[in-house]
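S.K.: Quick one: the structure is below, questions incoming.
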Protein chains: 4
Amino acid sequence: MSFNTFGKIFRFTTWGESHGPAIGCVVDGCPPNITLSEKDIQIDMNRRRPGKSKFTSQRKEADKVEILSGVFQGKTTGTPISMIIYNKDARSRDYETIKNKFRPGHADYTYLTKYGIRDYRGGGRQSARETATRVAAGAIAKVTLNKLLGRKFKVIGGVIQLGPLGCNKSNWNEKEIRKNPFFCPDKKSVKLWEKYLLTMRKAGSSCGAMIELRASGVPAGLGAPIYSKLDSDLTSALMSINAVKGVNIGAGMNAAFLVGEENSDEIRSVGGKTKFKSNNAGGILGGISSGQEIIASFVVKPTSSILISRETIDTKGKNTKISVKGRHDPCVGIRAVPIGEAMMACVLLDHFLLNRAQCG
Amino acid sequence: MSFNTFGKIFRFTTWGESHGPAIGCVVDGCPPNITLSEKDIQIDMNRRRPGKSKFTSQRKEADKVEILSGVFQGKTTGTPISMIIYNKDARSRDYETIKNKFRPGHADYTYLTKYGIRDYRGGGRQSARETATRVAAGAIAKVTLNKLLGRKFKVIGGVIQLGPLGCNKSNWNEKEIRKNPFFCPDKKSVKLWEKYLLTMRKAGSSCGAMIELRASGVPAGLGAPIYSKLDSDLTSALMSINAVKGVNIGAGMNAAFLVGEENSDEIRSVGGKTKFKSNNAGGILGGISSGQEIIASFVVKPTSSILISRETIDTKGKNTKISVKGRHDPCVGIRAVPIGEAMMACVLLDHFLLNRAQCG
Amino acid sequence: MSFNTFGKIFRFTTWGESHGPAIGCVVDGCPPNITLSEKDIQIDMNRRRPGKSKFTSQRKEADKVEILSGVFQGKTTGTPISMIIYNKDARSRDYETIKNKFRPGHADYTYLTKYGIRDYRGGGRQSARETATRVAAGAIAKVTLNKLLGRKFKVIGGVIQLGPLGCNKSNWNEKEIRKNPFFCPDKKSVKLWEKYLLTMRKAGSSCGAMIELRASGVPAGLGAPIYSKLDSDLTSALMSINAVKGVNIGAGMNAAFLVGEENSDEIRSVGGKTKFKSNNAGGILGGISSGQEIIASFVVKPTSSILISRETIDTKGKNTKISVKGRHDPCVGIRAVPIGEAMMACVLLDHFLLNRAQCG
Amino acid sequence: MSFNTFGKIFRFTTWGESHGPAIGCVVDGCPPNITLSEKDIQIDMNRRRPGKSKFTSQRKEADKVEILSGVFQGKTTGTPISMIIYNKDARSRDYETIKNKFRPGHADYTYLTKYGIRDYRGGGRQSARETATRVAAGAIAKVTLNKLLGRKFKVIGGVIQLGPLGCNKSNWNEKEIRKNPFFCPDKKSVKLWEKYLLTMRKAGSSCGAMIELRASGVPAGLGAPIYSKLDSDLTSALMSINAVKGVNIGAGMNAAFLVGEENSDEIRSVGGKTKFKSNNAGGILGGISSGQEIIASFVVKPTSSILISRETIDTKGKNTKISVKGRHDPCVGIRAVPIGEAMMACVLLDHFLLNRAQCG
C-alpha cells in the first residue's frame, strides 16, 4: 500500500519528476549511530549519473546529493534522512514537439489513461531519473550493512550480456567492472561490446542487457516465508526498475533445463562450517538466505526512445509516426548496474532488520 | 510487513503445516455482494490437488474447502472470508527417518538456522501444501473480477516447457490445457512429454518447467508507479510460489536479444480503439496495464525430493547422505499452473481496487 | 491497509461472525521457541467469556480455543498460529424479529449503508464476540513478553468507574480485581456497584464504564516517532474495541486542568537508577516508553441493546420503534477489561520487536 | 510499519528537525486532477505558524511552503507531492546550555535511551515544528475532499477549554474562531482566557487545553471494521500530535456517565432522509460514519518548557535542576487547532479512498 515507498522497516520514499526543480528521497527506519556523510552517497551517485561516456545519455547532471535531515554530527539519529538532488540540465523544449504523441515502449499512454493528466517533460515521473534517488538510498543501506555485519558485506553488479553478446562469467573480475564503461566483468568482452554499441548508436537504435548482482557476507536466516521471502522481495525490487522485464534468482530460468540431482545444491560440513557444493539456489532456500553468496540477475529491455521512426497514435487517437530526438542511452541496461546494487542492498538491510525483530 | 499475508486491499493470510490438522486462509478486503459458494472455489482446488494422475504426488487429498465466515445468504458481506481445508492423508512417519537431515534444495537448513526450531513433518510450513490455500483465495479473486469487469475477465495458464522440452506456443489451445495432465497448451507435445516424465519418474529424478499465464479482459490503467507497479507486484507474487526461480513479463529475458525497434510495441488506432501491433511488454508499460493481454511466465526448478542419493549434513553438522522416499511430484511445475493463475488473479483484483481508490 | 489485521510485526487477523459456525484468529510474526499451550490462552478466555455471573450476558459459551498451526512439540515455530473457537450457543431466532430495524447505538445502519448487505444474526461481524479472538492473541503476547522480558512483564486492568460511580484508585488491589465480578480494584466499591448494576438490569437499562490498564516491566525505549508512537498505537488499539468512545494516556483528559509545573514528571537519579517523581505521562514521553509503568484508561459507552423502547427506522426508511430482547450485558464495559489487557500486551510486544529491529 | 509515514492510501511522510536546514513532507496517493497551488496550503500554514500574537512562541517563521513535485500546470498528477519549508529563525545557542540535561515532560530522556544519540537543538525531531508539515498535507486533503465531495466538505476546530476555563459550546461560532487568537468559538470567553493566559505567561508557567473538531459533509459509509475503524484511525492520528494525552469521539469520556437510553442516538426518517435525534456517537457507529457531523476532541497537556525551576538529571545520571529559557508557547494547545483539523482531513480523505476501493 505504498505507491512511492519501498521497504518494510528500512523504507525509502522517492519523489520528483525528470524536469521538475528537484528529485529526492526520504529514508526512514535507518538504525541510529551509523557514520554517514554526503561523500558516502556521492560515490554511488557518480557511478550512475549520465554524461560520463559516449555510451550513455549526454544529459549533464552532477547529481549532487544534499542531506537535509536525520544526520547529526556525522551520524544517523534514527529519524528520517531526507535527501535532495536538484535537476540542472533539463531541456524541456525537446519534449514540446512530442508532447501529444505516445512514445511506443514508454508509459506515456498508460499514465495518461490512468491519471487523465501527465507531466510529459522528459517523461515526468516515469523517467528513469527517479532511479538516482534509489541509488542514494542504496548507498545508505550499503554503509549500514557494512557497519552491522562487521565490514564483511559487499554487493557488486556487472553487465553479463549486452544485446546478443554474452561474456565469460568465469572471468568475473570486480576491478575490471570498475574500469570499463559497461560494468563488464570480463575484460575480453569489452572491445567487442564497444564496437557493437557504437554501431547501435550510429544506427539510432538500442539494445537490451542482462545484469548480474552478487552479494557476499550475508548471514544465513534472512528472509521470511511465505510472502516476505527474500527472493520474492528481491525480485519485486529489481522488477520495479524502469525497463526491467525478467528476473532470475541463482540458476533462474536455466533451472528448467536441469534435473533434480543437478539443481539441488549438496551440503557439506568443512572444518565445522556449512558449505554448499554449488549455488543454483542463488543463496536462497525457501525464501531464506543460506549463508551463500546471494545471486540475482535481471534483463533490461532496449531503450524505447530511438531515432528510428515508429508508428503510434496521438492523444486524440489519431494514427501518426514518431522518432525521438532527446538525449538517451543506446543501452539503458548499463546504468542499471548501480541501481540494481542499490535495490539489493536495501532489500538485504530490510531483511536483516526484520529478522532481528522476529528472531532476536 | 506481513510474513504470511499477501496483497494490499484484497489481502489473504494463509496458515497451516503440511502435516498439521488443517491448513487455511483468511481473505480480507473482498468487495461485498459478490455471489460466492464453496463450489466456485472447489473447481480450482481440484485442478491443483495431488493424486489425480501418475504424474503428480500420490498423496490423496480431497482438498475440500469449507467457508467459515464472510458469506451470508450466498453473498460476500465485505468482512473476512475464512476458509479451512483439513489434512487427511498426512503420513508423518515417512519423515521420521530424515528428520535430522537437511534435504538439499529444500528449506530444512535455512528454517532451522533462522528459527532454531522446525516442524519437519512433510516440510511443515515450507511445504507446497500451503499453495492450496492460495488457490482458494485466487478462486475468490477470479469470481470477483468476473463480476466487477462484466464477465469479460479470464486468466489461464499452461506449461510451455517441461524440462528441456518446449512446445509450440502458436498452437496455444485452452481446451487442450484442460484435457491433458500437464496443462500443456499444444496437443502435439503431450505424447513426448508423457514419455519424458515417465522416464524421469522411473529414474527417481525430476525436472523443471516453465509456465505461462495469460489474463484477458484487463482494462488499461491498473498498476501504479513506482513501487506498486503491476509487473513488480506480479513478479513478487509468482516468485513467492515454492520452487520458482525466475519470472518474465512479456518478452522477459528475451528482451535482451531484441533491438529497440523490435521490442517496443507500436500503437495503432483501429475503429476508434487503441491496438498494439505486438505485445513484448506483456501488457504492462511503466508498471501500468495497457489494455492488452497481461502475459507473464515463470520457471519452477526440478523437485528437490528425489530417490537418487545426495550428499548433505545432519542437524549436528555431520556429513551424511540422503535419498527421499516420501510421495512427490516428478515435476512440481505442473501443479504450479493453477497456483500461478490464482496469484495473478489476486494481484489484478488488488490493483483494480487500488486504482478505484486513487483514480475513482 | 488492513481491515481485519492488527499490528506491525506481531500481527493478528481475526475473522468470524457472532452466529456463524466459528470465530478465529491468525497470529503472525510471533517469535519462535516460545513455550505455548492452549491452557495459557484459555485462562484469559475464561476471564472474558459471557455467562459467568448475573452481571454479564447469559449466552453460554465455553470459548474453548483450539490451536491449528504454528506450534510444534509445545513451542512456537515462528510460523502463523491459527486459532479457532466454535460458536455453541447462538440463538439466531432472537434476531429474526428485528432484522429489518436499525438498533440505535449499533452499527446496523452504517454496515448496511456501507456494504449493501449485512449478517443481522447477533450483529454478525459487528458483534463484540469478535473480541474473544483478540483475547486469544493477547494471551500469546503476554506469554511471549514474559519470556522475552525475563518474567518481569505484567499487564493488569480494572474497572475504575461504573456509570457514575467511581472508586478509590489508591486502594488498587490486584487480588481484589480477580475476586469480584466487576474487575473492580477497590474492595470498598464492590457492594455499591452490585446494587447499582442490579437496578440497571431490572430497569432494562445499561451503564457505561471506565477501565484502567497498567503494564509494568516495560523497558525504556519502546515506541517510535512520529506515526508509530507507543501512545498513538495504544490509543488506536483501545479505540478499536467495540463501544469505546474515549482514551487517556496517563493523566489524560485531566492534563487540561494541570499547570506545567504540576504536569511534567520530574526526574531523579536514585541509586544509579532513573526514577520519575510522578507519572502524569503514563510512562510515555514523545511516543517512547520511559521505563515507568504504562498507564492508559478508556471509556466504554453503555450497552446499546436495552429493553426500553427506542425510536428508529427500518431498512425501508419507515419510522418505527424497537426494544431489544436478546441476551446482553447491562454494562459491556466490565468484560472489556481482559480485552483491553490483550490489546495493550499486543501493542507492547509489537513495539518490543520493532525496537529490536531498528535499534538492535 | 511506518515510523514517519501516516495514512493508508492518501499517505504522507514527514522529515526534518527543528533546527535543521528545512522540514518537509511527501504526500503520496493523492488523486490526480485536483487543482492545487501553494496558496491553498499557505492559508492553513499561516493559521498554525508561531509568532503571530503574544500568546504563542516568539520564534519568527514565515513557514513558506514550496511544492517541488507532483503538480503540473496547476493540477495534481497522482504522483508524490513533495513540499519543503526552510527553517529561518532557529536559535540553536539557546539550547547549548541545556543540551546535557533532560527536560521534564519532554522526550529528551526517551530519545537518548532509545537511539543512543539525539539532536538536542530545539528538540530536534521531537519538536512540534514537525507539525507544520502535517498542516501542509492536511491542506491538500481539505482541497481534495472539497473537490471529491462537491464543495460540501468542511472541518473546523476550536479550543473549548483553556486550562481550567471552559466555554459555552452552544455559542459555537465559526467566525469567532477565526477572529480571536485562541481559536475560541465562544466570544464571551475570550476576555477571561486572555487574562488567564497573560498571568500564566508572566508566572513562567503554562496550561493545558481541550480542542474540539467538527467535520461536516461526510457521507455515511466511511470507515472499516475492525482495525481500520474511522474512530480508531482518527484517535491514533490525534494522539500522534505532540503533547496530546486524551482523545474523545462524540460524547467520549462523558459516555461513562450516561445510561443506555440517553446515550444511543435515536433515528428518524424526515422527508425521506435519515436523521439522528442526537450525536453522542460523534457521527461514527461500529467504526463507520453515519452521515452525521464527525466530532472528536482531544486534550493537549501544558507546555513542558517553563521558566520555573524543575528537578531532573543530566546525561551522566547526576541530579540537577533545569529551567527552560527558549521561546515557547504558554499553551501549546492553541496552535494544535489547525494541526487537529489537518489530521482529521487526512483521515477522512484516506477513508473516502479506502471505501471507494472496497465498495466502489
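A note on labels: chains of the C-alpha cells are A, B, ... as shown, every chain counts residues from 1, and ligands are counted from 1 in their shown order.
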Could you list, with a cut-off of 6 Å and counting only C-alpha atoms, the residues of chain C near chain B, each shown with its nearest atom pair and the distance in Å rounded to one decimal, rows sorted by chain and ascending number, as a tab-separated table?
M.R.:
```
residue	atom	partner	partner_atom	distance
C:Trp15	CA	B:Pro80	CA	5.5
C:Gly16	CA	B:Ser69	CA	5.0
C:Pro32	CA	B:Tyr115	CA	5.8
C:Ser69	CA	B:Gly16	CA	5.0
C:Thr77	CA	B:Ile117	CA	5.9
C:Pro80	CA	B:Trp15	CA	5.5
C:Tyr115	CA	B:Pro32	CA	5.8
C:Ile117	CA	B:Thr77	CA	5.9
```
S.K.: Name all residues at most 10 Å from Ser232 in chain D (count only C-alpha atoms; drop same-chain ones fewer than 5 positions away) and give them as a PyMOL selection string.
M.R.: (chain C and resi 232-233+235-241+244-245) or (chain D and resi 223-227+237+249+287)
S.K.: Create the file for the chosen residues now, containing C-alpha atoms and written as a short mmCIF file (atom, residue, chain, number, x, y, z; two decimals), in the first residue's frame.
M.R.:
```
data_model
loop_
_atom_site.label_atom_id
_atom_site.label_comp_id
_atom_site.auth_asym_id
_atom_site.auth_seq_id
_atom_site.Cartn_x
_atom_site.Cartn_y
_atom_site.Cartn_z
CA SER C 232 -0.77 6.58 19.39
CA ASP C 233 -0.75 2.84 18.64
CA THR C 235 -4.91 4.51 21.71
CA SER C 236 -5.83 3.18 18.32
CA ALA C 237 -5.85 -0.36 19.72
CA LEU C 238 -8.18 0.55 22.58
CA MET C 239 -10.46 2.69 20.42
CA SER C 240 -10.91 -0.31 18.10
CA ILE C 241 -12.67 -2.21 20.90
CA VAL C 244 -15.11 2.56 23.33
CA LYS C 245 -15.53 6.34 23.00
CA GLY D 223 -14.51 3.62 7.91
CA ALA D 224 -14.00 -0.10 8.15
CA PRO D 225 -14.22 -2.76 10.78
CA ILE D 226 -12.32 -3.96 12.71
CA TYR D 227 -8.84 -2.49 12.77
CA ALA D 237 -3.98 10.48 14.30
CA ILE D 249 -15.15 10.62 19.96
CA GLY D 287 -16.22 2.39 13.16
#
```
S.K.: Using DSSP on the backbone coordinates, identify the residues of range 114-276 of chain D assigned to alpha helix (DSSP H); present them as a ChimeraX atom specification.
M.R.: /D:114-115,131-148,174-179,190-202,230-239,260-263
S.K.: I'd like to know which residues of range 37-123 of chain A are strand (DSSP E) (by DSSP, run on the backbone); could you write them as a PyMOL selection string?
M.R.: chain A and resi 66-67+71-72+75-76+81-86
S.K.: Please produce a file of the residues just selected, as a CSV table (one decimal), in the first residue's frame, where the atoms kept are N, CA, C and O atoms.
M.R.:
```
chain,number,residue,atom,x,y,z
A,66,GLU,N,22.3,16.4,-1.4
A,66,GLU,CA,22.3,17.1,-0.1
A,66,GLU,C,21.5,16.4,0.9
A,66,GLU,O,20.3,16.1,0.6
A,67,ILE,N,22.0,16.2,2.1
A,67,ILE,CA,21.3,15.6,3.2
A,67,ILE,C,20.6,16.8,4.0
A,67,ILE,O,21.3,17.7,4.4
A,71,VAL,N,20.7,13.3,10.1
A,71,VAL,CA,22.1,13.1,10.4
A,71,VAL,C,22.6,14.2,11.3
A,71,VAL,O,22.3,15.4,11.0
A,72,PHE,N,23.2,13.9,12.4
A,72,PHE,CA,23.6,14.9,13.4
A,72,PHE,C,25.1,14.6,13.8
A,72,PHE,O,25.4,13.5,14.2
A,75,LYS,N,26.5,11.4,12.3
A,75,LYS,CA,25.9,10.1,12.5
A,75,LYS,C,24.4,10.1,12.3
A,75,LYS,O,23.7,11.1,12.6
A,76,THR,N,23.9,9.0,11.9
A,76,THR,CA,22.4,8.9,11.7
A,76,THR,C,21.8,8.9,13.1
A,76,THR,O,22.4,8.4,14.1
A,81,ILE,N,16.0,10.4,7.0
A,81,ILE,CA,17.1,11.1,6.3
A,81,ILE,C,16.5,11.6,5.0
A,81,ILE,O,16.1,10.8,4.1
A,82,SER,N,16.4,12.9,4.8
A,82,SER,CA,15.8,13.5,3.6
A,82,SER,C,17.0,13.9,2.7
A,82,SER,O,17.9,14.6,3.2
A,83,MET,N,16.9,13.5,1.5
A,83,MET,CA,18.0,13.9,0.5
A,83,MET,C,17.4,14.5,-0.7
A,83,MET,O,16.3,14.2,-1.1
A,84,ILE,N,18.1,15.5,-1.2
A,84,ILE,CA,17.5,16.3,-2.4
A,84,ILE,C,18.6,16.4,-3.4
A,84,ILE,O,19.8,16.5,-3.1
A,85,ILE,N,18.2,16.3,-4.7
A,85,ILE,CA,19.1,16.4,-5.8
A,85,ILE,C,18.5,17.4,-6.8
A,85,ILE,O,17.4,17.1,-7.3
A,86,TYR,N,19.1,18.5,-7.1
A,86,TYR,CA,18.5,19.5,-8.0
A,86,TYR,C,18.7,19.1,-9.4
A,86,TYR,O,19.8,18.5,-9.8
```
S.K.: Do a neighbour search on Lys60 in chain C at 12 Å with only C-alpha atoms, toss out local chain neighbours closer than 4 positions, and write the hits as a PDB file with N, CA, C and O atoms, in the first residue's frame.
M.R.:
```pdb
ATOM      1  N   ASN C  46     -11.338 -17.405  29.665  1.00  0.00           N
ATOM      2  CA  ASN C  46     -12.331 -17.597  30.725  1.00  0.00           C
ATOM      3  C   ASN C  46     -12.655 -16.303  31.454  1.00  0.00           C
ATOM      4  O   ASN C  46     -13.760 -16.124  31.952  1.00  0.00           O
ATOM      5  N   ARG C  49     -15.203 -14.552  28.939  1.00  0.00           N
ATOM      6  CA  ARG C  49     -16.398 -15.184  28.374  1.00  0.00           C
ATOM      7  C   ARG C  49     -17.690 -14.831  29.120  1.00  0.00           C
ATOM      8  O   ARG C  49     -17.672 -14.529  30.311  1.00  0.00           O
ATOM      9  N   PRO C  50     -18.789 -14.860  28.381  1.00  0.00           N
ATOM     10  CA  PRO C  50     -20.068 -14.450  28.961  1.00  0.00           C
ATOM     11  C   PRO C  50     -20.646 -15.555  29.856  1.00  0.00           C
ATOM     12  O   PRO C  50     -20.107 -16.656  29.923  1.00  0.00           O
ATOM     13  N   GLY C  51     -21.704 -15.233  30.536  1.00  0.00           N
ATOM     14  CA  GLY C  51     -22.460 -16.241  31.276  1.00  0.00           C
ATOM     15  C   GLY C  51     -21.875 -16.627  32.614  1.00  0.00           C
ATOM     16  O   GLY C  51     -22.288 -17.592  33.243  1.00  0.00           O
ATOM     17  N   LYS C  52     -20.895 -15.865  33.072  1.00  0.00           N
ATOM     18  CA  LYS C  52     -20.255 -16.257  34.323  1.00  0.00           C
ATOM     19  C   LYS C  52     -20.952 -15.717  35.570  1.00  0.00           C
ATOM     20  O   LYS C  52     -20.851 -16.289  36.633  1.00  0.00           O
ATOM     21  N   SER C  53     -21.617 -14.566  35.436  1.00  0.00           N
ATOM     22  CA  SER C  53     -22.351 -14.029  36.581  1.00  0.00           C
ATOM     23  C   SER C  53     -23.629 -13.381  36.072  1.00  0.00           C
ATOM     24  O   SER C  53     -23.833 -13.249  34.866  1.00  0.00           O
ATOM     25  N   THR C  56     -23.389 -10.259  33.558  1.00  0.00           N
ATOM     26  CA  THR C  56     -22.995 -10.288  32.145  1.00  0.00           C
ATOM     27  C   THR C  56     -24.012 -11.092  31.336  1.00  0.00           C
ATOM     28  O   THR C  56     -24.902 -11.724  31.905  1.00  0.00           O
ATOM     29  N   LYS C  64     -13.790 -22.322  24.024  1.00  0.00           N
ATOM     30  CA  LYS C  64     -12.615 -23.191  24.030  1.00  0.00           C
ATOM     31  C   LYS C  64     -11.775 -22.958  22.774  1.00  0.00           C
ATOM     32  O   LYS C  64     -12.261 -23.072  21.660  1.00  0.00           O
ATOM     33  N   ASN C  87     -18.696 -21.439  17.777  1.00  0.00           N
ATOM     34  CA  ASN C  87     -19.859 -20.830  18.424  1.00  0.00           C
ATOM     35  C   ASN C  87     -20.838 -21.931  18.797  1.00  0.00           C
ATOM     36  O   ASN C  87     -21.208 -22.740  17.960  1.00  0.00           O
ATOM     37  N   LYS C  88     -21.248 -21.957  20.047  1.00  0.00           N
ATOM     38  CA  LYS C  88     -22.108 -23.037  20.515  1.00  0.00           C
ATOM     39  C   LYS C  88     -23.529 -22.575  20.800  1.00  0.00           C
ATOM     40  O   LYS C  88     -24.488 -23.283  20.568  1.00  0.00           O
ATOM     41  N   ASP C  89     -23.652 -21.399  21.380  1.00  0.00           N
ATOM     42  CA  ASP C  89     -24.963 -21.011  21.921  1.00  0.00           C
ATOM     43  C   ASP C  89     -25.562 -19.810  21.175  1.00  0.00           C
ATOM     44  O   ASP C  89     -26.077 -18.882  21.786  1.00  0.00           O
ATOM     45  N   ALA C  90     -25.456 -19.831  19.850  1.00  0.00           N
ATOM     46  CA  ALA C  90     -26.035 -18.753  19.054  1.00  0.00           C
ATOM     47  C   ALA C  90     -27.533 -18.973  18.894  1.00  0.00           C
ATOM     48  O   ALA C  90     -27.962 -20.032  18.458  1.00  0.00           O
ATOM     49  N   ARG C  91     -28.327 -17.993  19.278  1.00  0.00           N
ATOM     50  CA  ARG C  91     -29.780 -18.113  19.088  1.00  0.00           C
ATOM     51  C   ARG C  91     -30.239 -17.088  18.072  1.00  0.00           C
ATOM     52  O   ARG C  91     -30.713 -16.004  18.411  1.00  0.00           O
ATOM     53  N   ARG C 327     -29.983 -11.643  24.687  1.00  0.00           N
ATOM     54  CA  ARG C 327     -29.185 -11.688  25.913  1.00  0.00           C
ATOM     55  C   ARG C 327     -28.066 -10.658  25.825  1.00  0.00           C
ATOM     56  O   ARG C 327     -27.315 -10.642  24.864  1.00  0.00           O
ATOM     57  N   HIS C 328     -27.978  -9.780  26.805  1.00  0.00           N
ATOM     58  CA  HIS C 328     -26.968  -8.723  26.727  1.00  0.00           C
ATOM     59  C   HIS C 328     -26.375  -8.414  28.092  1.00  0.00           C
ATOM     60  O   HIS C 328     -26.904  -8.816  29.120  1.00  0.00           O
TER      61      HIS C 328
END
```
S.K.: Of the candidates D:Ala336, D:Met200, D:Ala345, D:Leu234, which shows the shortest atom-to-atom distance to Val218 in chain D, using only C-alpha atoms?
M.R.: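 Closest candidate: D:Ala345.
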S.K.: Which residue, A:Leu149, A:Val259, A:Ala243, A:Leu307, has the smallest gap to His106 in chain A when you use only C-alpha atoms?
M.R.: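 That would be A:Ala243, the residue with the smallest distance to His106 in chain A.
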S.K.: With a distance cut-off of 10 Å and only C-alpha atoms, select the neighbouring residues of range 274-277 of chain B, excluding the residue or stretch itself and same-chain residues fewer than 6 positions from it, and output the selection as a ChimeraX atom specification.
M.R.: /A:104,109,311-313,317-319 /B:264-268,283,290-292
S.K.: Between D:Ser127, D:Thr199, D:Asn248, D:Gln58, which one has atoms that come closest to Phe298 in chain C, using only C-alpha atoms?
M.R.: D:Asn248
